[in-house]
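Peer 1: Following this message is one structure expressed as structure tokens.
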Amino acid sequence: MRVRAWSTSANLGPGFDIVGIALRAFKDSVEVELEEGGPNALVTEVKGPYSSLVPRGRDNAAAFAARAALEIAEQKLTAKIRLWKGVPPRRGLGSSGASSAAVVKAINIMLGNPLDENKLIKAAAEGERATSGHPHLDNVAPSLLGGLVIIGEEIVKIEPSVRFVLAIPWINTPDRKTEFMRSILPRKIEMSKLVKNSASLALLTLGMATGDLEIVGKGMSFSIIDELRSRMIPGFNKIKEAAMRAGALGLSISGAGPSLLFLCDKCEPVLMAVKRAYISVNIPASIMVVEPAEGSAKE
Ligand code: HSE
């Protein structure tokens, strides 16, 4: 049995650690064997286009998530994981989250589904803790559940009808990039900025829930976090300007970057403008139109 999980984009601007969406852009998949003894887990084989960029053995995010799933399910088993790595790491596309979501889902199916959604998300978050130092849920939850996920006291999922242009720049990023991009954020924020960010988040979620793309775009357009992180993203202002001129309704950094996500209604002109903008700033990038994806499941 092979289980896959799609790439994700976290934050969508103002929803830092709160909002994430599964995107039909890239996917990871796993095959798992369970043996007596444990709980333990290791990645025994990695294949796929990005296989050389992730660790084998016990240090892969998927191994941390699998161990957590077995612990929560109180199973004295060892998971041997064969991973197909199709989500590029360190691009802000929930790469470790996708491996983690796929493996906990696979283990749950093999054990007869003892873990509910919340427990699966909690287990998968251990993969994030290991790779980024923080168990944020805004990649693993949409990767597991699909659609757009809002993380509060409850985890709520909706299936908005939206399309984006996704731009993935092939630039060097720091080791433990998410941890680094979190370390540059302030511990405290001004009240006026909090109010502005909250207003954006309210618009973003309202627009998503009602299908009003103009409102979604307005919601994506201010984020305290993106304001700070965008300084670390080469060419950001030029690319943003070009996309907005071509009709993008809003944009955000995808997760901790460096990929960018542009909300669009008529996406073709935005795609072309973003392509030209990356060429003009001399940054190699892959640009594509993407739609929301479904949750992790058997292939
Ligand atoms: N919310 C997290 C962050 C997502 O922005 O740091 C990381 O993919």
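In the structure tokens, each chain is lettered A, B, ... as it comes, each chain's residues begin at 1, and ligands are numbered from 1 in order of appearance.
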Taking only C-alpha atoms and all ligand atoms into account, report as an MDAnalysis selection string which residues have an atom no farther than 10 Å from an atom of ligand 1.
Peer 2: chainID A and resid 8:13 15:20 90:97 128 132 134:140 177:183 185 225:226 229 253:257
Peer 1: Extract the full set of helix (DSSP H, G or I) residues from range 160-283 of chain A according to DSSP on the backbone, and format it as a ChimeraX atom specification.
Peer 2: /A:177-183,191-210,213-220,224-232,236-245,267-280
Peer 1: May I have the residues within 12 Å of range 210-218 of chain A as a PyMOL selection string, using only C-alpha atoms and disregarding those fewer than 2 positions away in the same chain?
Peer 2: chain A and resi 12-15+158-164+196-197+199-208+220-223+244+247-252+261-266
Peer 1: Find the distance between CA of Ala293 in chain A and CA of Leu148 in chain A and write it in Å to one decimal.
Peer 2: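 Atom-to-atom, CA of Ala293 in chain A to CA of Leu148 in chain A, that is 9.0 Å.
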Peer 1: Rank nothing, just name the residue among A:Leu166, A:Ala62, A:Ser51, A:Ile171 nearest to Ile287 in chain A, using only C-alpha atoms.
Peer 2: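 Nearest candidate to Ile287 in chain A out of A:Leu166, A:Ala62, A:Ser51, A:Ile171: A:Leu166.
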Peer 1: If you run DSSP on the backbone here, which positions in range 156-188 of chain A get strand (DSSP E)? Please write them as a PyMOL selection string.
Peer 2: chain A and resi 156-158+163-169
Peer 1: Which of these residues is nearest to Leu115 in chain A, using only C-alpha atoms: A:Lys80, A:Pro186, A:Gly38, A:Glu71?
Peer 2: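 Answer, going by the shortest atom-to-atom distance: A:Glu71.
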Peer 1: Neighbouring residues of Pro284 in chain A were defined as those with any atom within 8 Å, considering only C-alpha atoms; residues of the same chain fewer than 2 positions away were excluded. Please report them as a VMD selection string.
Peer 2: chain A and resid 169 to 171 278 to 279 282 286
Peer 1: I'd like the contact shell of Arg2 in chain A - 6 Å cut-off, only C-alpha atoms, skipping same-chain residues fewer than 3 positions apart - returned as JSON, numbers by chain.
Peer 2: {"A": [30, 31, 298, 299]}
Peer 1: Pull C-alpha atoms from the residues just selected and write them as a PDB file, in the first residue's frame.
Peer 2:
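Okay, this is what ended up in part_18.pdb:
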ATOM      1  CA  VAL A  30       5.345   6.335   1.434  1.00  0.00           C
ATOM      2  CA  GLU A  31       5.206   2.575   1.798  1.00  0.00           C
ATOM      3  CA  LYS A 298      -3.972   5.646  -0.505  1.00  0.00           C
ATOM      4  CA  GLU A 299      -2.712   6.078  -4.055  1.00  0.00           C
TER       5      GLU A 299
END
Peer 1: Pick from A:Lys105, A:Arg245, A:Arg129, A:Lys238: nearest to Asp59 in chain A, with only C-alpha atoms counted?
Peer 2: A:Arg129
Peer 1: Counting only C-alpha atoms, figure out which residue out of A:Ser280, A:Asn237, A:Ser230, A:Thr78 gets nearest to Asn40 in chain A.
Peer 2: A:Thr78
Peer 1: When you count only C-alpha atoms, which of these residues is closest to Lys27 in chain A: A:Cys267, A:Leu144, A:Ala123, A:Ala41?
Peer 2: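 Nearest candidate to Lys27 in chain A out of A:Cys267, A:Leu144, A:Ala123, A:Ala41: A:Leu144.
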Peer 1: From the set A:Ala65, A:Arg176, A:Ala102, A:Gln75, which residue has the shortest atom-to-atom contact distance to Lys122 in chain A, counting only C-alpha atoms?
Peer 2: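 Of all the options, A:Ala65 lies closest to Lys122 in chain A.
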